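S.K.: Enclosed is the structure file upload-v6.cif (mmCIF, C-alpha atoms and all ligand atoms).
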```cif
data_input
loop_
_atom_site.group_PDB
_atom_site.id
_atom_site.type_symbol
_atom_site.label_atom_id
_atom_site.label_comp_id
_atom_site.auth_asym_id
_atom_site.auth_seq_id
_atom_site.Cartn_x
_atom_site.Cartn_y
_atom_site.Cartn_z
ATOM 1 C CA PRO N 1243 0.000 0.000 0.000
ATOM 2 C CA ASP N 1244 0.967 3.672 -0.406
ATOM 3 C CA ALA N 1245 2.881 5.219 2.494
ATOM 4 C CA PRO N 1246 0.543 6.884 5.009
ATOM 5 C CA THR N 1247 0.309 10.650 4.601
ATOM 6 C CA PRO N 1248 1.618 12.948 7.369
ATOM 7 C CA PRO N 1249 -0.825 14.311 9.941
ATOM 8 C CA ASP N 1250 -2.014 17.893 9.889
ATOM 9 C CA ARG N 1251 -0.002 20.037 12.230
ATOM 10 C CA CYS N 1252 -2.844 20.298 14.700
ATOM 11 C CA HIS N 1253 -6.517 19.473 14.632
ATOM 12 C CA ALA N 1254 -8.873 18.595 17.431
ATOM 13 C CA ARG N 1255 -11.197 16.114 15.740
ATOM 14 C CA ILE N 1256 -10.522 12.389 15.860
ATOM 15 C CA GLU N 1257 -10.702 11.380 12.183
ATOM 16 C CA GLY N 1258 -10.164 7.935 10.725
ATOM 17 C CA HIS N 1259 -7.670 6.879 8.043
ATOM 18 C CA GLY N 1260 -7.303 3.837 5.845
ATOM 19 C CA ALA N 1261 -10.766 2.365 6.471
ATOM 20 C CA ASP N 1262 -14.377 3.484 6.380
ATOM 21 C CA GLU N 1263 -14.971 2.401 9.966
ATOM 22 C CA ALA N 1264 -14.538 4.647 12.995
ATOM 23 C CA PRO N 1265 -10.925 4.580 14.237
ATOM 24 C CA GLU N 1266 -10.135 2.079 17.000
ATOM 25 C CA VAL N 1267 -6.550 3.230 17.477
ATOM 26 C CA ALA N 1268 -5.429 6.840 17.850
ATOM 27 C CA VAL N 1269 -1.847 7.600 16.857
ATOM 28 C CA ILE N 1270 -0.709 10.910 18.311
ATOM 29 C CA MET N 1271 2.707 12.568 18.287
ATOM 30 C CA GLY N 1272 4.266 15.599 19.899
ATOM 31 C CA SER N 1273 5.453 17.232 16.681
ATOM 32 C CA ALA N 1274 5.301 16.822 12.919
ATOM 33 C CA SER N 1275 9.020 16.045 13.251
ATOM 34 C CA ASP N 1276 8.001 12.739 14.910
ATOM 35 C CA TRP N 1277 6.187 11.590 11.775
ATOM 36 C CA GLU N 1278 9.220 9.877 10.228
ATOM 37 C CA THR N 1279 9.125 7.527 13.226
ATOM 38 C CA MET N 1280 5.380 7.315 13.803
ATOM 39 C CA ARG N 1281 4.554 6.521 10.178
ATOM 40 C CA HIS N 1282 5.880 3.041 10.938
ATOM 41 C CA ALA N 1283 3.058 2.583 13.441
ATOM 42 C CA CYS N 1284 0.491 3.805 10.888
ATOM 43 C CA ARG N 1285 1.898 1.581 8.150
ATOM 44 C CA THR N 1286 1.671 -1.441 10.430
ATOM 45 C CA LEU N 1287 -1.920 -0.666 11.409
ATOM 46 C CA GLU N 1288 -2.770 -0.381 7.713
ATOM 47 C CA ARG N 1289 -1.172 -3.751 7.046
ATOM 48 C CA PHE N 1290 -3.653 -5.265 9.529
ATOM 49 C CA GLY N 1291 -6.588 -3.211 8.250
ATOM 50 C CA VAL N 1292 -7.047 -1.478 11.597
ATOM 51 C CA ALA N 1293 -8.855 1.874 11.362
ATOM 52 C CA TYR N 1294 -6.828 4.608 13.050
ATOM 53 C CA SER N 1295 -6.614 8.353 13.442
ATOM 54 C CA LYS N 1296 -3.435 10.405 13.479
ATOM 55 C CA GLN N 1297 -2.809 13.811 15.007
ATOM 56 C CA VAL N 1298 -0.055 16.109 16.175
ATOM 57 C CA ILE N 1299 -0.763 17.027 19.799
ATOM 58 C CA SER N 1300 1.911 18.602 21.956
ATOM 59 C CA ALA N 1301 1.871 18.219 25.723
ATOM 60 C CA HIS N 1302 3.811 21.480 26.032
ATOM 61 C CA ARG N 1303 2.589 23.595 23.113
ATOM 62 C CA THR N 1304 -1.087 22.524 23.095
ATOM 63 C CA PRO N 1305 -1.884 21.264 26.614
ATOM 64 C CA GLU N 1306 -5.598 22.104 26.276
ATOM 65 C CA LEU N 1307 -5.882 20.106 23.052
ATOM 66 C CA MET N 1308 -4.120 17.184 24.751
ATOM 67 C CA ALA N 1309 -6.647 17.221 27.624
ATOM 68 C CA LYS N 1310 -9.593 17.471 25.217
ATOM 69 C CA PHE N 1311 -8.287 14.554 23.173
ATOM 70 C CA ALA N 1312 -7.697 12.380 26.248
ATOM 71 C CA HIS N 1313 -11.128 13.114 27.685
ATOM 72 C CA GLU N 1314 -12.968 12.474 24.387
ATOM 73 C CA ALA N 1315 -11.042 9.460 23.070
ATOM 74 C CA ARG N 1316 -13.124 6.716 24.714
ATOM 75 C CA ARG N 1317 -16.410 8.314 23.677
ATOM 76 C CA ALA N 1318 -15.070 8.543 20.120
ATOM 77 C CA GLY N 1319 -14.660 4.754 20.079
ATOM 78 C CA ILE N 1320 -10.883 4.675 20.496
ATOM 79 C CA LYS N 1321 -9.655 1.507 22.236
ATOM 80 C CA VAL N 1322 -5.898 2.002 22.240
ATOM 81 C CA ILE N 1323 -3.776 5.161 22.103
ATOM 82 C CA ILE N 1324 -0.268 5.148 20.629
ATOM 83 C CA ALA N 1325 1.638 8.275 21.641
ATOM 84 C CA GLY N 1326 5.077 9.138 20.258
ATOM 85 C CA ALA N 1327 7.256 11.915 21.611
ATOM 86 C CA GLY N 1328 10.895 12.898 21.890
ATOM 87 C CA GLY N 1329 13.081 14.790 24.340
ATOM 88 C CA ALA N 1330 11.065 15.846 27.398
ATOM 89 C CA ALA N 1331 8.474 13.347 26.219
ATOM 90 C CA HIS N 1332 5.507 14.068 28.464
ATOM 91 C CA LEU N 1333 2.728 13.345 25.958
ATOM 92 C CA PRO N 1334 2.163 9.606 26.628
ATOM 93 C CA GLY N 1335 2.185 10.025 30.408
ATOM 94 C CA MET N 1336 0.001 13.112 30.458
ATOM 95 C CA VAL N 1337 -2.549 11.467 28.158
ATOM 96 C CA ALA N 1338 -2.487 8.311 30.301
ATOM 97 C CA ALA N 1339 -3.157 10.518 33.332
ATOM 98 C CA GLN N 1340 -6.440 11.630 31.775
ATOM 99 C CA THR N 1341 -7.904 8.402 30.350
ATOM 100 C CA THR N 1342 -8.142 4.765 31.409
ATOM 101 C CA LEU N 1343 -7.667 3.584 27.819
ATOM 102 C CA PRO N 1344 -4.413 1.667 27.292
ATOM 103 C CA VAL N 1345 -1.620 4.057 26.253
ATOM 104 C CA ILE N 1346 1.462 2.804 24.420
ATOM 105 C CA GLY N 1347 4.382 5.253 24.408
ATOM 106 C CA VAL N 1348 6.954 5.399 21.625
ATOM 107 C CA PRO N 1349 10.239 7.144 22.490
ATOM 108 C CA VAL N 1350 11.311 9.119 19.411
ATOM 109 C CA GLN N 1351 15.069 9.296 18.851
ATOM 110 C CA SER N 1352 16.204 12.796 19.801
ATOM 111 C CA HIS N 1353 19.206 14.593 18.305
ATOM 112 C CA ALA N 1354 20.762 15.710 21.574
ATOM 113 C CA LEU N 1355 20.615 12.454 23.560
ATOM 114 C CA SER N 1356 19.802 9.778 20.945
ATOM 115 C CA GLY N 1357 16.434 9.039 22.539
ATOM 116 C CA TRP N 1358 17.645 8.206 26.059
ATOM 117 C CA ASP N 1359 15.783 11.309 27.239
ATOM 118 C CA SER N 1360 12.599 10.214 25.427
ATOM 119 C CA LEU N 1361 12.834 6.652 26.731
ATOM 120 C CA LEU N 1362 13.376 7.617 30.355
ATOM 121 C CA SER N 1363 10.683 10.316 30.237
ATOM 122 C CA ILE N 1364 8.123 7.824 28.961
ATOM 123 C CA VAL N 1365 9.068 4.668 30.845
ATOM 124 C CA GLN N 1366 9.525 6.101 34.338
ATOM 125 C CA MET N 1367 5.864 6.606 35.214
ATOM 126 C CA PRO N 1368 4.841 6.775 38.865
ATOM 127 C CA GLY N 1369 2.911 3.779 40.187
ATOM 128 C CA GLY N 1370 -0.773 4.024 39.315
ATOM 129 C CA ILE N 1371 -0.576 5.548 35.833
ATOM 130 C CA PRO N 1372 0.882 3.007 33.388
ATOM 131 C CA VAL N 1373 2.312 3.685 29.932
ATOM 132 C CA ALA N 1374 3.387 0.604 27.961
ATOM 133 C CA THR N 1375 6.738 1.742 26.581
ATOM 134 C CA THR N 1376 8.333 0.369 23.421
ATOM 135 C CA ALA N 1377 11.882 0.578 22.040
ATOM 136 C CA ILE N 1378 13.340 3.880 20.798
ATOM 137 C CA GLY N 1379 12.597 4.758 17.167
ATOM 138 C CA ASN N 1380 11.146 2.911 14.190
ATOM 139 C CA SER N 1381 11.092 -0.561 15.770
ATOM 140 C CA GLY N 1382 9.277 0.878 18.749
ATOM 141 C CA ALA N 1383 6.665 2.494 16.492
ATOM 142 C CA THR N 1384 6.122 -0.765 14.623
ATOM 143 C CA ASN N 1385 5.881 -2.721 17.859
ATOM 144 C CA ALA N 1386 3.425 -0.216 19.328
ATOM 145 C CA ALA N 1387 1.078 -0.966 16.438
ATOM 146 C CA LEU N 1388 1.595 -4.721 16.861
ATOM 147 C CA LEU N 1389 0.824 -4.408 20.550
ATOM 148 C CA ALA N 1390 -2.353 -2.481 19.701
ATOM 149 C CA VAL N 1391 -3.314 -5.253 17.268
ATOM 150 C CA SER N 1392 -2.678 -7.794 20.020
ATOM 151 C CA ILE N 1393 -4.960 -5.873 22.416
ATOM 152 C CA LEU N 1394 -7.716 -5.553 19.793
ATOM 153 C CA GLY N 1395 -7.242 -9.261 19.038
ATOM 154 C CA LEU N 1396 -8.551 -10.104 22.522
ATOM 155 C CA THR N 1397 -12.060 -9.454 21.206
ATOM 156 C CA ASP N 1398 -11.457 -9.860 17.453
ATOM 157 C CA ALA N 1399 -10.573 -13.455 16.535
ATOM 158 C CA ALA N 1400 -9.904 -12.618 12.863
ATOM 159 C CA LEU N 1401 -7.369 -9.980 13.873
ATOM 160 C CA ALA N 1402 -5.717 -12.400 16.308
ATOM 161 C CA ASP N 1403 -5.420 -14.909 13.443
ATOM 162 C CA GLN N 1404 -3.837 -12.239 11.251
ATOM 163 C CA LEU N 1405 -1.298 -11.543 13.986
ATOM 164 C CA GLN N 1406 -0.468 -15.256 14.188
ATOM 165 C CA ASP N 1407 -0.002 -15.338 10.387
ATOM 166 C CA TYR N 1408 2.366 -12.380 10.692
ATOM 167 C CA ARG N 1409 4.378 -14.196 13.365
ATOM 168 C CA ASP N 1410 4.493 -17.288 11.141
ATOM 169 C CA SER N 1411 5.830 -15.146 8.300
ATOM 170 C CA LEU N 1412 8.655 -13.962 10.568
ATOM 171 C CA LYS N 1413 9.474 -17.580 11.393
ATOM 172 C CA GLU N 1414 9.526 -18.380 7.691
ATOM 173 C CA LYS N 1415 11.933 -15.481 7.052
ATOM 174 C CA VAL N 1416 14.358 -16.897 9.640
ATOM 175 C CA ALA N 1417 14.150 -20.318 8.000
ATOM 176 C CA GLN N 1418 14.855 -18.719 4.616
ATOM 177 C CA SER N 1419 17.826 -16.756 5.933
ATOM 178 C CA ASN N 1420 19.269 -19.933 7.432
ATOM 179 C CA ALA N 1421 18.871 -21.694 4.090
ATOM 180 C CA GLN N 1422 20.908 -18.884 2.500
ATOM 181 C CA LEU N 1423 23.824 -19.555 4.880
ATOM 182 C CA ILE N 1424 24.493 -22.913 3.233
HETATM 183 C C1 LIG N 1501 8.669 16.863 21.420
HETATM 184 O O1 LIG N 1501 9.737 17.661 21.098
HETATM 185 C C2 LIG N 1501 8.249 16.227 20.141
HETATM 186 O O2 LIG N 1501 7.673 14.970 20.408
HETATM 187 C C3 LIG N 1501 9.500 16.137 19.313
HETATM 188 O O3 LIG N 1501 10.064 14.832 19.344
HETATM 189 C C4 LIG N 1501 10.445 17.107 20.001
HETATM 190 C C5 LIG N 1501 10.954 18.180 19.077
HETATM 191 O O4 LIG N 1501 9.852 18.849 18.504
HETATM 192 P P1 LIG N 1501 10.087 19.940 17.354
HETATM 193 O O5 LIG N 1501 10.904 21.017 17.950
HETATM 194 O O6 LIG N 1501 10.792 19.231 16.221
HETATM 195 O O7 LIG N 1501 8.706 20.396 16.948
HETATM 196 O O8 LIG N 1501 7.627 17.589 21.974
#
```
Output the file's structure as C-alpha cells, nothing else.
Ligand code: RP5
M.R.:
Amino acid sequence: PDAPTPPDRCHARIEGHGADEAPEVAVIMGSASDWETMRHACRTLERFGVAYSKQVISAHRTPELMAKFAHEARRAGIKVIIAGAGGAAHLPGMVAAQTTLPVIGVPVQSHALSGWDSLLSIVQMPGGIPVATTAIGNSGATNAALLAVSILGLTDAALADQLQDYRDSLKEKVAQSNAQLI
C-alpha cells in the first residue's frame, strides 16, 4: 500500500484513516518532526486493516488540546492510544493521566541524547498511571502498532489470526535466511 500521509499540524477532531470504519486506534505525536518515526506505526496498522486516526498534539505547546483529546477518546470509540514523543516526552504520560484507555508510548530518537531522554521520560511513570513503553525509534513504532493489534485481538478473533499469520511469516523469514547460509 501507499505510504501513510503525514498528519495535519494540529486538529482537534478524531478522524479515521485507511478504512471506512470509525478509528479504534489513535496515533498521536508531539510534533510533525516525529512523523518519520510514527509513520511506521500507521503503516503497520494499515497492514492489519485497523482503522486509526493520526494527530499532532503537543503536551507542552497545546496542553488544552491534549486534555480534550484524552477526555474524548473513549467516547469517540478509540480503544488504544499510541503516543510518540521525543526529548522531554511528556505526551504519553500526560494522556495516560487523563484516560483509562491503554496508552502505548513510543520514544522518538532525539538529536541531543539519541532518545535516552525520550525513553526515560516515557518509561519512568509513577505507580498508578501506566504507559506501555516500546523501544526507541522505528522498531518501537512498529511494535506499538503490533501491541495495539494484540490488544484488539482479545475481542477480534480474525485480527488475532492475522497476527499469528504475521508471526508465522517472521518464522519463515528466519528459515529462509538460514537456508541462505548454506
Ligand atoms: C517533542 O519535542 C516532540 O515529540 C518532538 O520529538 C520534540 C521536538 O519537537 P520539534 O521542535 O521538532 O517540533 O515535543
S.K.: Work out how far CA of Ala1331 in chain N is from CA of Thr1304 in chain N, in Å to one decimal.
M.R.: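 Computed distance, CA of Thr1304 in chain N to CA of Ala1331 in chain N, equals 13.6 Å.
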S.K.: Here is a test: counting all atoms listed in the file, which residue of N:Thr1341, N:Asn1380, N:Ile1270, N:Gly1335 is nearest to Val1365 in chain N?
M.R.: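 Counting all atoms listed in the file, the residue closest to Val1365 in chain N is N:Gly1335.
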S.K.: Counting all atoms listed in the file, name the residues that have an atom within 10 Å of an atom of ligand LIG 1501 (chain N); the answer should be given as a compact mmCIF listing (two decimals) with C-alpha atoms, in the coordinates of the input.
M.R.:
```txt
# COMPACT_ATOMS: atom_id res chain seq x y z
CA ARG N 1251 0.00 20.04 12.23
CA ILE N 1270 -0.71 10.91 18.31
CA MET N 1271 2.71 12.57 18.29
CA GLY N 1272 4.27 15.60 19.90
CA SER N 1273 5.45 17.23 16.68
CA ALA N 1274 5.30 16.82 12.92
CA SER N 1275 9.02 16.05 13.25
CA ASP N 1276 8.00 12.74 14.91
CA TRP N 1277 6.19 11.59 11.78
CA THR N 1279 9.12 7.53 13.23
CA VAL N 1298 -0.06 16.11 16.18
CA ILE N 1299 -0.76 17.03 19.80
CA SER N 1300 1.91 18.60 21.96
CA ALA N 1301 1.87 18.22 25.72
CA HIS N 1302 3.81 21.48 26.03
CA ARG N 1303 2.59 23.60 23.11
CA ALA N 1325 1.64 8.28 21.64
CA GLY N 1326 5.08 9.14 20.26
CA ALA N 1327 7.26 11.92 21.61
CA GLY N 1328 10.90 12.90 21.89
CA GLY N 1329 13.08 14.79 24.34
CA ALA N 1330 11.06 15.85 27.40
CA ALA N 1331 8.47 13.35 26.22
CA HIS N 1332 5.51 14.07 28.46
CA LEU N 1333 2.73 13.34 25.96
CA PRO N 1334 2.16 9.61 26.63
CA VAL N 1348 6.95 5.40 21.62
CA PRO N 1349 10.24 7.14 22.49
CA VAL N 1350 11.31 9.12 19.41
CA GLN N 1351 15.07 9.30 18.85
CA SER N 1352 16.20 12.80 19.80
CA HIS N 1353 19.21 14.59 18.30
CA GLY N 1357 16.43 9.04 22.54
CA SER N 1360 12.60 10.21 25.43
```
S.K.: Expressed in Å to a single decimal, how great is the separation between CA of His1282 in chain N and CA of Asn1420 in chain N?
M.R.: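 Here the two named atoms are 26.8 Å from each other.
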S.K.: Interatomic distance between CA of Val1267 in chain N and CA of Ala1338 in chain N?
M.R.: 14.4 Å
S.K.: Which residue, N:Ala1377, N:Arg1285, N:Glu1263, N:Val1292, has the smallest gap to Asp1398 in chain N when you use only C-alpha atoms?
M.R.: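 Among the listed residues, the smallest separation from Asp1398 in chain N belongs to N:Val1292.
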S.K.: Which residues of range 1300-1408 of chain N have any atom within 12 Å of an atom in range 1413-1416 of chain N when counting all atoms listed in the file, and what is the closest pair of atoms for each, with the distance in Å to one decimal? Order the rows by chain and rising number and write it as a Markdown table.
M.R.:
```
| residue | atom | partner | partner_atom | distance |
| --- | --- | --- | --- | --- |
| N:Gln1406 | CA | N:Lys1413 | CA | 10.6 |
| N:Asp1407 | CA | N:Lys1413 | CA | 9.8 |
| N:Tyr1408 | CA | N:Lys1413 | CA | 8.8 |
```
S.K.: If the PyMOL selection byres (((chain N and resi 1384) around 12) and not hetatm) is run on the structure shown, which residues does it catch, given as a compact mmCIF listing (two decimals) with C-alpha atoms, keeping the file's coordinate frame?
M.R.:
```txt
# COMPACT_ATOMS: atom_id res chain seq x y z
CA VAL N 1269 -1.85 7.60 16.86
CA GLU N 1278 9.22 9.88 10.23
CA THR N 1279 9.12 7.53 13.23
CA MET N 1280 5.38 7.32 13.80
CA ARG N 1281 4.55 6.52 10.18
CA HIS N 1282 5.88 3.04 10.94
CA ALA N 1283 3.06 2.58 13.44
CA CYS N 1284 0.49 3.80 10.89
CA ARG N 1285 1.90 1.58 8.15
CA THR N 1286 1.67 -1.44 10.43
CA LEU N 1287 -1.92 -0.67 11.41
CA GLU N 1288 -2.77 -0.38 7.71
CA ARG N 1289 -1.17 -3.75 7.05
CA PHE N 1290 -3.65 -5.26 9.53
CA ILE N 1324 -0.27 5.15 20.63
CA GLY N 1326 5.08 9.14 20.26
CA ILE N 1346 1.46 2.80 24.42
CA GLY N 1347 4.38 5.25 24.41
CA VAL N 1348 6.95 5.40 21.62
CA PRO N 1349 10.24 7.14 22.49
CA THR N 1376 8.33 0.37 23.42
CA ALA N 1377 11.88 0.58 22.04
CA ILE N 1378 13.34 3.88 20.80
CA GLY N 1379 12.60 4.76 17.17
CA ASN N 1380 11.15 2.91 14.19
CA SER N 1381 11.09 -0.56 15.77
CA GLY N 1382 9.28 0.88 18.75
CA ALA N 1383 6.66 2.49 16.49
CA ASN N 1385 5.88 -2.72 17.86
CA ALA N 1386 3.42 -0.22 19.33
CA ALA N 1387 1.08 -0.97 16.44
CA LEU N 1388 1.60 -4.72 16.86
CA LEU N 1389 0.82 -4.41 20.55
CA ALA N 1390 -2.35 -2.48 19.70
CA VAL N 1391 -3.31 -5.25 17.27
```
S.K.: The PyMOL selection byres (((chain N and resi 1312-1321) around 6) and not hetatm) - which residues does that actually catch in the file I just gave you? List them as a PyMOL selection string.
M.R.: chain N and resi 1266-1267+1309-1311+1322+1337+1340-1341
S.K.: Given the choices N:Gln1366, N:Gln1297, N:Gln1422, N:Ser1356, which gets closest to Ile1323 in chain N if the distance is worked out from all atoms listed in the file?
M.R.: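 When distances to Ile1323 in chain N are compared using all atoms listed in the file, the smallest one comes from N:Gln1297.
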